[in-house]
Amino acid sequence: MRLVTPFRREADTRSGSYYADGAASRPRRPALTGDAATDVCVIGAGMTGLTAALTLAERGYAVRVLDEREVGFGASGRNGGQLIAGFAAGMDAVRGQLSGAEVQAYWDMGTEAVSLTSGLIERHGIACDYAPGHIDAALKRRHVTELEATAEEWDRLGYRGLELWDAPTMRSRVASDCYVGGLYDPFGGHLHPLNYTLGLAAAAEQAGAVIHEHTPLEAFEERPDGVEIRTPQGRVRTRWLILGGNAYLWRAVPAIGRRIMPVGTYIIGTAPLGESRARALIPGNEAVSDLNFVLNYFRLSADHRLLFGGRVSYSRVQPRSVAGAMRRTMLRVFPDLNDVAIDYAWGGYAAITANRLPHFGRLGTRTLFAQGFSGHGVGLAGLAGRLMAEVVAGQEERFDLFARIRHLPFPGGHLLRTPMLVLAMAVQRMRDWL
């Protein structure tokens, strides 16, 4: 038996979101009332849950999706929009736990996450401003060495097309004096994450899935023939339960919440720069992220703004002025934007794991979860949804490969784990400065 108790809702800043302001239209999706029965119930209407729902509905399963807020409310609708291959940790983190062939399979699924995303966009005609290309940016010589090692490892794993850039090349591709090198991946990219998520919801509904917004999970109990789920106004009896709420379920489901940490991350959007000025900053229109542990990331929007993110808060205490704090960081990278106004500033929670690898697993026999994408969620969340759908359909091997990776709980228990993480991250920030 698994019991979920009501939990204190975390605060988010969304009112100033560029994505929310430019979101596609959405239908009204009423809350669940009364009793319902279904093959699969999905908790969380983000990229993870909706990809699972779409995949299963297309296979003929009856699917209901429940979300406490609305489609794309969490990280799926407010993240940096960067589609990045691989994982936030190197493959050495899994080599001690998997065989050589399994390590290759694990890696291949990390790259499949990218092609899955672009394929869903194309197949369902999702208008989300998708643009190809991602750049890892080196701020110091140590980072260049790390990029060289990454390129070598990815090549050994069969990933082709990467380009190592020296300092002059990097300055020609990103108009900043901060960077001394880069690693270009033509298969990464960037997109409008909220519109992508809304597009997944529309495709899932067209395939037959039912989505209920404003329907928080109150409790669930696994039984021999399935799972019973309680919400404030109804119940769902389902053969399978998929937990896809990530950072927004950490308090509600302590059994998995101990192994992730919700962290705040923040983004600003400038006023429109005009096409020529915007393209002068990033001529190839790639997404860019630096190699600091507490990193910055940025890209251009379809209407020629700079969207600049970073300023991770491991304490989950929001900066007094998101716009002011992020603007100062942006100007260290692009000082020539000093005359440009900030039109948007927003933030929200993403989930990290201690080893920075995604955490997949089961609670009982018919409850699946995936969480802790650690900054790579635009691709890995969709992969997680696909793999959980495969388990429901009787194909468990790929999901189980991820589930075998060990994930330790964050130390310190309920009261001390956040202060302990803040202290550890302070050490990492000091290393970033060196």
# chains A, B, ... in the order shown; residues from 1 in each chain; ligands from 1
call {"tool": "closest_atom_pairs", "arguments": {"of": "range 15-96 of chain A", "to": "range 380-402 of chain A", "cutoff": "12 Å", "atoms": "only C-alpha atoms", "output": "JSON lines"}}
result
{"residue": "A:Asp39", "atom": "CA", "partner": "A:Val392", "partner_atom": "CA", "distance": 9.3}
{"residue": "A:Val40", "atom": "CA", "partner": "A:Val392", "partner_atom": "CA", "distance": 8.2}
{"residue": "A:Cys41", "atom": "CA", "partner": "A:Val392", "partner_atom": "CA", "distance": 11.2}
{"residue": "A:Val42", "atom": "CA", "partner": "A:Gly385", "partner_atom": "CA", "distance": 9.9}
{"residue": "A:Ile43", "atom": "CA", "partner": "A:Gly385", "partner_atom": "CA", "distance": 11.5}
{"residue": "A:Gly44", "atom": "CA", "partner": "A:Gly385", "partner_atom": "CA", "distance": 11.0}
{"residue": "A:Ala45", "atom": "CA", "partner": "A:Gly385", "partner_atom": "CA", "distance": 11.1}
{"residue": "A:Gly46", "atom": "CA", "partner": "A:Ala381", "partner_atom": "CA", "distance": 8.5}
{"residue": "A:Met47", "atom": "CA", "partner": "A:Gly382", "partner_atom": "CA", "distance": 5.7}
{"residue": "A:Thr48", "atom": "CA", "partner": "A:Ala381", "partner_atom": "CA", "distance": 4.5}
{"residue": "A:Gly49", "atom": "CA", "partner": "A:Gly385", "partner_atom": "CA", "distance": 5.9}
{"residue": "A:Leu50", "atom": "CA", "partner": "A:Gly385", "partner_atom": "CA", "distance": 7.3}
{"residue": "A:Thr51", "atom": "CA", "partner": "A:Gly385", "partner_atom": "CA", "distance": 5.0}
{"residue": "A:Ala52", "atom": "CA", "partner": "A:Gly385", "partner_atom": "CA", "distance": 4.0}
{"residue": "A:Ala53", "atom": "CA", "partner": "A:Ala389", "partner_atom": "CA", "distance": 7.7}
{"residue": "A:Leu54", "atom": "CA", "partner": "A:Arg386", "partner_atom": "CA", "distance": 8.9}
{"residue": "A:Thr55", "atom": "CA", "partner": "A:Ala389", "partner_atom": "CA", "distance": 6.4}
{"residue": "A:Leu56", "atom": "CA", "partner": "A:Ala389", "partner_atom": "CA", "distance": 5.9}
{"residue": "A:Ala57", "atom": "CA", "partner": "A:Ala389", "partner_atom": "CA", "distance": 9.6}
{"residue": "A:Glu58", "atom": "CA", "partner": "A:Ala389", "partner_atom": "CA", "distance": 10.6}
{"residue": "A:Arg59", "atom": "CA", "partner": "A:Ala393", "partner_atom": "CA", "distance": 8.6}
{"residue": "A:Gly60", "atom": "CA", "partner": "A:Ala393", "partner_atom": "CA", "distance": 10.4}
{"residue": "A:Tyr61", "atom": "CA", "partner": "A:Ala393", "partner_atom": "CA", "distance": 9.2}
{"residue": "A:Ala62", "atom": "CA", "partner": "A:Val392", "partner_atom": "CA", "distance": 11.7}
{"residue": "A:Val63", "atom": "CA", "partner": "A:Ala389", "partner_atom": "CA", "distance": 10.9}
{"residue": "A:Ala75", "atom": "CA", "partner": "A:Ala381", "partner_atom": "CA", "distance": 10.5}
{"residue": "A:Ser76", "atom": "CA", "partner": "A:Ala381", "partner_atom": "CA", "distance": 8.8}
{"residue": "A:Gln82", "atom": "CA", "partner": "A:Leu380", "partner_atom": "CA", "distance": 11.4}
{"residue": "A:Leu83", "atom": "CA", "partner": "A:Leu380", "partner_atom": "CA", "distance": 9.1}
{"residue": "A:Ile84", "atom": "CA", "partner": "A:Leu380", "partner_atom": "CA", "distance": 8.9}
{"residue": "A:Ala85", "atom": "CA", "partner": "A:Leu380", "partner_atom": "CA", "distance": 8.7}
{"residue": "A:Gly86", "atom": "CA", "partner": "A:Leu380", "partner_atom": "CA", "distance": 8.5}
{"residue": "A:Phe87", "atom": "CA", "partner": "A:Leu380", "partner_atom": "CA", "distance": 8.3}
{"residue": "A:Ala88", "atom": "CA", "partner": "A:Leu380", "partner_atom": "CA", "distance": 10.6}
{"residue": "A:Val94", "atom": "CA", "partner": "A:Phe402", "partner_atom": "CA", "distance": 9.8}
call {"tool": "write_last_selection", "arguments": {"atoms": "C-alpha atoms", "output": "mmCIF file, in the first residue's frame"}}
result
data_model
loop_
_atom_site.group_PDB
_atom_site.id
_atom_site.type_symbol
_atom_site.label_atom_id
_atom_site.label_comp_id
_atom_site.auth_asym_id
_atom_site.auth_seq_id
_atom_site.Cartn_x
_atom_site.Cartn_y
_atom_site.Cartn_z
ATOM 1 C CA ASP A 39 -5.964 1.152 -18.483
ATOM 2 C CA VAL A 40 -3.298 3.708 -17.525
ATOM 3 C CA CYS A 41 -3.423 6.759 -15.281
ATOM 4 C CA VAL A 42 -0.622 9.285 -15.690
ATOM 5 C CA ILE A 43 0.205 11.860 -13.015
ATOM 6 C CA GLY A 44 1.697 15.016 -14.506
ATOM 7 C CA ALA A 45 0.804 16.759 -17.770
ATOM 8 C CA GLY A 46 4.348 17.640 -18.729
ATOM 9 C CA MET A 47 6.714 16.208 -21.311
ATOM 10 C CA THR A 48 7.144 12.907 -19.463
ATOM 11 C CA GLY A 49 3.504 12.170 -18.781
ATOM 12 C CA LEU A 50 2.188 13.415 -22.098
ATOM 13 C CA THR A 51 4.711 11.442 -24.150
ATOM 14 C CA ALA A 52 3.682 8.328 -22.225
ATOM 15 C CA ALA A 53 0.005 9.159 -22.730
ATOM 16 C CA LEU A 54 0.450 9.816 -26.453
ATOM 17 C CA THR A 55 2.447 6.631 -26.999
ATOM 18 C CA LEU A 56 -0.076 4.488 -25.143
ATOM 19 C CA ALA A 57 -3.170 6.102 -26.652
ATOM 20 C CA GLU A 58 -1.759 5.517 -30.126
ATOM 21 C CA ARG A 59 -1.401 1.833 -29.184
ATOM 22 C CA GLY A 60 -5.060 1.634 -28.224
ATOM 23 C CA TYR A 61 -4.842 1.933 -24.434
ATOM 24 C CA ALA A 62 -7.376 3.961 -22.470
ATOM 25 C CA VAL A 63 -5.375 6.731 -20.766
ATOM 26 C CA ALA A 75 9.489 22.623 -15.735
ATOM 27 C CA SER A 76 8.101 21.362 -19.053
ATOM 28 C CA GLN A 82 17.550 23.357 -24.843
ATOM 29 C CA LEU A 83 17.499 19.922 -26.463
ATOM 30 C CA ILE A 84 20.795 18.257 -25.512
ATOM 31 C CA ALA A 85 22.059 14.750 -26.304
ATOM 32 C CA GLY A 86 23.385 12.481 -23.592
ATOM 33 C CA PHE A 87 23.252 13.014 -19.869
ATOM 34 C CA ALA A 88 24.317 15.557 -17.256
ATOM 35 C CA VAL A 94 27.345 3.961 -15.215
#
call {"tool": "select_by_dssp", "arguments": {"residues": "range 241-318 of chain A", "states": "strand (DSSP E or B)", "output": "PyMOL selection string"}}
result
chain A and resi 241-243+261-270+287-290+297-300+306-313
call {"tool": "residues_around", "arguments": {"residues": "Val288 in chain A", "least_positions_apart": "5", "cutoff": "9 Å", "atoms": "only C-alpha atoms", "output": "ChimeraX atom specification"}}
result
/A:82,133-137,174,282,296-299
call {"tool": "write_last_selection", "arguments": {"atoms": "N, CA and C atoms", "output": "mmCIF file, in the first residue's frame"}}
result
data_model
loop_
_atom_site.group_PDB
_atom_site.id
_atom_site.type_symbol
_atom_site.label_atom_id
_atom_site.label_comp_id
_atom_site.auth_asym_id
_atom_site.auth_seq_id
_atom_site.Cartn_x
_atom_site.Cartn_y
_atom_site.Cartn_z
ATOM 1 N N GLN A 82 16.366 23.898 -24.181
ATOM 2 C CA GLN A 82 17.550 23.357 -24.843
ATOM 3 C C GLN A 82 17.448 21.834 -24.955
ATOM 4 N N GLY A 133 20.928 22.633 -33.453
ATOM 5 C CA GLY A 133 22.268 23.065 -33.064
ATOM 6 C C GLY A 133 22.398 23.412 -31.599
ATOM 7 N N HIS A 134 23.419 22.840 -30.948
ATOM 8 C CA HIS A 134 23.730 23.152 -29.554
ATOM 9 C C HIS A 134 25.231 23.311 -29.396
ATOM 10 N N ILE A 135 25.645 24.280 -28.557
ATOM 11 C CA ILE A 135 27.061 24.558 -28.306
ATOM 12 C C ILE A 135 27.330 24.482 -26.814
ATOM 13 N N ASP A 136 28.308 23.657 -26.423
ATOM 14 C CA ASP A 136 28.874 23.714 -25.074
ATOM 15 C C ASP A 136 30.031 24.703 -25.112
ATOM 16 N N ALA A 137 29.996 25.698 -24.234
ATOM 17 C CA ALA A 137 30.951 26.804 -24.275
ATOM 18 C C ALA A 137 31.958 26.704 -23.136
ATOM 19 N N VAL A 174 29.655 32.836 -31.291
ATOM 20 C CA VAL A 174 28.994 33.452 -30.140
ATOM 21 C C VAL A 174 29.753 34.742 -29.849
ATOM 22 N N ILE A 282 24.463 35.317 -32.071
ATOM 23 C CA ILE A 282 24.589 33.872 -32.313
ATOM 24 C C ILE A 282 24.228 33.648 -33.784
ATOM 25 N N ASN A 296 25.348 28.867 -16.954
ATOM 26 C CA ASN A 296 24.453 29.771 -17.647
ATOM 27 C C ASN A 296 24.125 29.170 -19.013
ATOM 28 N N TYR A 297 22.953 29.486 -19.530
ATOM 29 C CA TYR A 297 22.530 28.961 -20.825
ATOM 30 C C TYR A 297 21.691 30.030 -21.516
ATOM 31 N N PHE A 298 21.727 30.057 -22.830
ATOM 32 C CA PHE A 298 20.992 31.093 -23.543
ATOM 33 C C PHE A 298 20.738 30.674 -24.977
ATOM 34 N N ARG A 299 19.797 31.372 -25.592
ATOM 35 C CA ARG A 299 19.445 31.133 -26.984
ATOM 36 C C ARG A 299 18.610 32.299 -27.470
#
call {"tool": "select_by_dssp", "arguments": {"residues": "range 13-196 of chain A", "states": "alpha helix (DSSP H)", "output": "number ranges by chain"}}
result
A: 18-21, 47-58, 92-95, 100-124, 141-156, 167-173, 193-196
call {"tool": "write_last_selection", "arguments": {"atoms": "C-alpha atoms", "output": "CSV table (one decimal), in the first residue's frame"}}
result
chain,number,residue,atom,x,y,z
A,18,TYR,CA,7.9,34.7,-22.2
A,19,TYR,CA,6.5,31.2,-22.9
A,20,ALA,CA,3.2,31.8,-21.2
A,21,ASP,CA,2.8,35.1,-23.0
A,47,MET,CA,6.7,16.2,-21.3
A,48,THR,CA,7.1,12.9,-19.5
A,49,GLY,CA,3.5,12.2,-18.8
A,50,LEU,CA,2.2,13.4,-22.1
A,51,THR,CA,4.7,11.4,-24.2
A,52,ALA,CA,3.7,8.3,-22.2
A,53,ALA,CA,0.0,9.2,-22.7
A,54,LEU,CA,0.4,9.8,-26.5
A,55,THR,CA,2.4,6.6,-27.0
A,56,LEU,CA,-0.1,4.5,-25.1
A,57,ALA,CA,-3.2,6.1,-26.7
A,58,GLU,CA,-1.8,5.5,-30.1
A,92,ASP,CA,31.9,6.7,-16.2
A,93,ALA,CA,29.0,7.0,-13.7
A,94,VAL,CA,27.3,4.0,-15.2
A,95,ARG,CA,30.3,1.8,-16.3
A,100,GLY,CA,30.0,-2.8,-21.9
A,101,ALA,CA,27.1,-3.6,-24.2
A,102,GLU,CA,24.7,-2.2,-21.7
A,103,VAL,CA,26.6,1.0,-21.4
A,104,GLN,CA,26.4,1.4,-25.1
A,105,ALA,CA,22.6,0.7,-25.0
A,106,TYR,CA,22.2,3.2,-22.2
A,107,TRP,CA,24.1,5.8,-24.2
A,108,ASP,CA,22.2,5.1,-27.4
A,109,MET,CA,18.9,5.8,-25.6
A,110,GLY,CA,20.3,9.1,-24.4
A,111,THR,CA,20.8,10.1,-28.0
A,112,GLU,CA,17.5,8.6,-29.0
A,113,ALA,CA,15.9,11.2,-26.7
A,114,VAL,CA,16.9,13.9,-29.2
A,115,SER,CA,15.6,12.2,-32.3
A,116,LEU,CA,12.4,11.2,-30.4
A,117,THR,CA,11.7,14.9,-29.7
A,118,SER,CA,12.4,16.2,-33.2
A,119,GLY,CA,10.4,13.2,-34.6
A,120,LEU,CA,7.3,14.0,-32.5
A,121,ILE,CA,7.5,17.6,-33.6
A,122,GLU,CA,7.6,16.6,-37.2
A,123,ARG,CA,5.0,13.8,-37.0
A,124,HIS,CA,2.4,15.8,-35.1
A,141,ARG,CA,41.4,26.0,-20.4
A,142,ARG,CA,40.2,23.4,-18.0
A,143,HIS,CA,36.8,23.4,-19.8
A,144,VAL,CA,38.5,23.0,-23.2
A,145,THR,CA,40.2,19.8,-21.9
A,146,GLU,CA,36.8,18.6,-20.7
A,147,LEU,CA,35.3,19.2,-24.1
A,148,GLU,CA,38.1,17.3,-25.8
A,149,ALA,CA,37.5,14.4,-23.5
A,150,THR,CA,33.8,14.6,-24.2
A,151,ALA,CA,34.3,14.6,-28.0
A,152,GLU,CA,36.6,11.6,-27.7
A,153,GLU,CA,34.2,9.6,-25.5
A,154,TRP,CA,31.2,10.4,-27.7
A,155,ASP,CA,33.1,9.4,-30.8
A,156,ARG,CA,34.0,6.0,-29.2
A,167,ALA,CA,38.7,30.5,-29.4
A,168,PRO,CA,38.6,32.4,-32.7
A,169,THR,CA,35.9,30.1,-34.1
A,170,MET,CA,33.9,30.3,-30.9
A,171,ARG,CA,34.0,34.1,-31.0
A,172,SER,CA,32.7,34.0,-34.6
A,173,ARG,CA,29.8,31.8,-33.5
A,193,PRO,CA,9.0,24.2,-24.4
A,194,LEU,CA,5.5,25.2,-23.4
A,195,ASN,CA,4.2,25.1,-27.0
A,196,TYR,CA,5.9,21.7,-27.5
call {"tool": "closest_residue", "arguments": {"among": "A:Ala302, A:Ala354, A:Leu331, A:Cys178", "to": "Ala138 in chain A", "atoms": "only C-alpha atoms"}}
result
A:Cys178
call {"tool": "closest_residue", "arguments": {"among": "A:Val65, A:Val236, A:Ala325, A:Ala127", "to": "Gly34 in chain A", "atoms": "only C-alpha atoms"}}
result
A:Val236
call {"tool": "residues_around", "arguments": {"residues": "Gln233 in chain A", "least_positions_apart": "3", "cutoff": "10 Å", "atoms": "only C-alpha atoms", "output": "list in words"}}
result
Ala31, Leu32, Thr33, Gly34, Asp35, Thr215, Pro216 and Arg230 of chain A
call {"tool": "write_last_selection", "arguments": {"atoms": "C-alpha atoms", "output": "short mmCIF file (atom, residue, chain, number, x, y, z; two decimals), in the first residue's frame"}}
result
data_model
loop_
_atom_site.label_atom_id
_atom_site.label_comp_id
_atom_site.auth_asym_id
_atom_site.auth_seq_id
_atom_site.Cartn_x
_atom_site.Cartn_y
_atom_site.Cartn_z
CA ALA A 31 -11.06 18.52 -13.23
CA LEU A 32 -11.87 14.89 -12.58
CA THR A 33 -15.17 14.40 -10.76
CA GLY A 34 -16.67 11.09 -9.77
CA ASP A 35 -15.26 7.63 -10.43
CA THR A 215 -6.80 17.51 -10.21
CA PRO A 216 -4.16 16.93 -7.53
CA ARG A 230 -7.87 9.35 -4.95
#
call {"tool": "residues_around", "arguments": {"residues": "range 260-262 of chain A", "least_positions_apart": "2", "cutoff": "7 Å", "atoms": "only C-alpha atoms", "output": "mmCIF file with C-alpha atoms, in the first residue's frame"}}
result
data_model
loop_
_atom_site.group_PDB
_atom_site.id
_atom_site.type_symbol
_atom_site.label_atom_id
_atom_site.label_comp_id
_atom_site.auth_asym_id
_atom_site.auth_seq_id
_atom_site.Cartn_x
_atom_site.Cartn_y
_atom_site.Cartn_z
ATOM 1 C CA ALA A 247 10.036 18.042 -9.022
ATOM 2 C CA GLY A 257 11.250 12.190 -3.380
ATOM 3 C CA ARG A 258 14.286 11.462 -1.204
ATOM 4 C CA GLY A 264 15.063 26.849 -8.631
ATOM 5 C CA TYR A 349 11.695 24.116 -10.207
ATOM 6 C CA ALA A 350 13.624 21.391 -11.931
ATOM 7 C CA ALA A 351 14.771 18.162 -10.261
ATOM 8 C CA ILE A 352 18.332 16.920 -9.949
ATOM 9 C CA THR A 353 19.686 13.616 -8.651
ATOM 10 C CA GLY A 372 15.573 13.815 -11.924
#
call {"tool": "decode", "arguments": {"residues": "range 30-49 of chain A", "atoms": "N, CA and C atoms", "output": "PDB file, in the first residue's frame"}}
result
ATOM      1  N   PRO A  30     -11.479  20.083 -17.836  1.00  0.00           N
ATOM      2  CA  PRO A  30     -12.089  20.106 -16.502  1.00  0.00           C
ATOM      3  C   PRO A  30     -11.435  19.112 -15.550  1.00  0.00           C
ATOM      4  N   ALA A  31     -11.557  19.414 -14.274  1.00  0.00           N
ATOM      5  CA  ALA A  31     -11.060  18.517 -13.231  1.00  0.00           C
ATOM      6  C   ALA A  31     -11.838  17.209 -13.243  1.00  0.00           C
ATOM      7  N   LEU A  32     -11.200  16.171 -12.725  1.00  0.00           N
ATOM      8  CA  LEU A  32     -11.871  14.888 -12.579  1.00  0.00           C
ATOM      9  C   LEU A  32     -12.922  14.974 -11.479  1.00  0.00           C
ATOM     10  N   THR A  33     -14.112  14.531 -11.768  1.00  0.00           N
ATOM     11  CA  THR A  33     -15.170  14.400 -10.762  1.00  0.00           C
ATOM     12  C   THR A  33     -15.777  13.010 -10.888  1.00  0.00           C
ATOM     13  N   GLY A  34     -16.080  12.407  -9.745  1.00  0.00           N
ATOM     14  CA  GLY A  34     -16.672  11.086  -9.770  1.00  0.00           C
ATOM     15  C   GLY A  34     -15.637   9.993  -9.971  1.00  0.00           C
ATOM     16  N   ASP A  35     -16.121   8.802 -10.272  1.00  0.00           N
ATOM     17  CA  ASP A  35     -15.258   7.632 -10.428  1.00  0.00           C
ATOM     18  C   ASP A  35     -14.998   7.364 -11.901  1.00  0.00           C
ATOM     19  N   ALA A  36     -13.778   6.876 -12.174  1.00  0.00           N
ATOM     20  CA  ALA A  36     -13.414   6.540 -13.543  1.00  0.00           C
ATOM     21  C   ALA A  36     -12.555   5.284 -13.523  1.00  0.00           C
ATOM     22  N   ALA A  37     -12.565   4.557 -14.632  1.00  0.00           N
ATOM     23  CA  ALA A  37     -11.710   3.391 -14.812  1.00  0.00           C
ATOM     24  C   ALA A  37     -10.941   3.557 -16.108  1.00  0.00           C
ATOM     25  N   THR A  38      -9.691   3.102 -16.106  1.00  0.00           N
ATOM     26  CA  THR A  38      -8.846   3.273 -17.284  1.00  0.00           C
ATOM     27  C   THR A  38      -7.756   2.218 -17.286  1.00  0.00           C
ATOM     28  N   ASP A  39      -7.109   2.067 -18.416  1.00  0.00           N
ATOM     29  CA  ASP A  39      -5.964   1.152 -18.483  1.00  0.00           C
ATOM     30  C   ASP A  39      -4.740   1.747 -17.794  1.00  0.00           C
ATOM     31  N   VAL A  40      -4.495   3.037 -18.054  1.00  0.00           N
ATOM     32  CA  VAL A  40      -3.298   3.708 -17.525  1.00  0.00           C
ATOM     33  C   VAL A  40      -3.692   5.081 -17.018  1.00  0.00           C
ATOM     34  N   CYS A  41      -3.258   5.412 -15.814  1.00  0.00           N
ATOM     35  CA  CYS A  41      -3.423   6.759 -15.281  1.00  0.00           C
ATOM     36  C   CYS A  41      -2.036   7.380 -15.161  1.00  0.00           C
ATOM     37  N   VAL A  42      -1.897   8.566 -15.687  1.00  0.00           N
ATOM     38  CA  VAL A  42      -0.622   9.285 -15.690  1.00  0.00           C
ATOM     39  C   VAL A  42      -0.757  10.500 -14.788  1.00  0.00           C
ATOM     40  N   ILE A  43       0.184  10.679 -13.871  1.00  0.00           N
ATOM     41  CA  ILE A  43       0.205  11.860 -13.015  1.00  0.00           C
ATOM     42  C   ILE A  43       1.255  12.820 -13.568  1.00  0.00           C
ATOM     43  N   GLY A  44       0.795  14.000 -13.981  1.00  0.00           N
ATOM     44  CA  GLY A  44       1.697  15.016 -14.506  1.00  0.00           C
ATOM     45  C   GLY A  44       1.508  15.239 -15.990  1.00  0.00           C
ATOM     46  N   ALA A  45       1.015  16.416 -16.363  1.00  0.00           N
ATOM     47  CA  ALA A  45       0.804  16.759 -17.770  1.00  0.00           C
ATOM     48  C   ALA A  45       1.955  17.593 -18.285  1.00  0.00           C
ATOM     49  N   GLY A  46       3.150  17.040 -18.156  1.00  0.00           N
ATOM     50  CA  GLY A  46       4.348  17.640 -18.729  1.00  0.00           C
ATOM     51  C   GLY A  46       4.887  16.747 -19.823  1.00  0.00           C
ATOM     52  N   MET A  47       6.143  16.960 -20.191  1.00  0.00           N
ATOM     53  CA  MET A  47       6.714  16.208 -21.311  1.00  0.00           C
ATOM     54  C   MET A  47       6.763  14.719 -21.036  1.00  0.00           C
ATOM     55  N   THR A  48       7.080  14.325 -19.797  1.00  0.00           N
ATOM     56  CA  THR A  48       7.144  12.907 -19.463  1.00  0.00           C
ATOM     57  C   THR A  48       5.773  12.257 -19.576  1.00  0.00           C
ATOM     58  N   GLY A  49       4.818  12.778 -18.826  1.00  0.00           N
ATOM     59  CA  GLY A  49       3.504  12.170 -18.781  1.00  0.00           C
ATOM     60  C   GLY A  49       2.783  12.201 -20.108  1.00  0.00           C
TER      61      GLY A  49
END
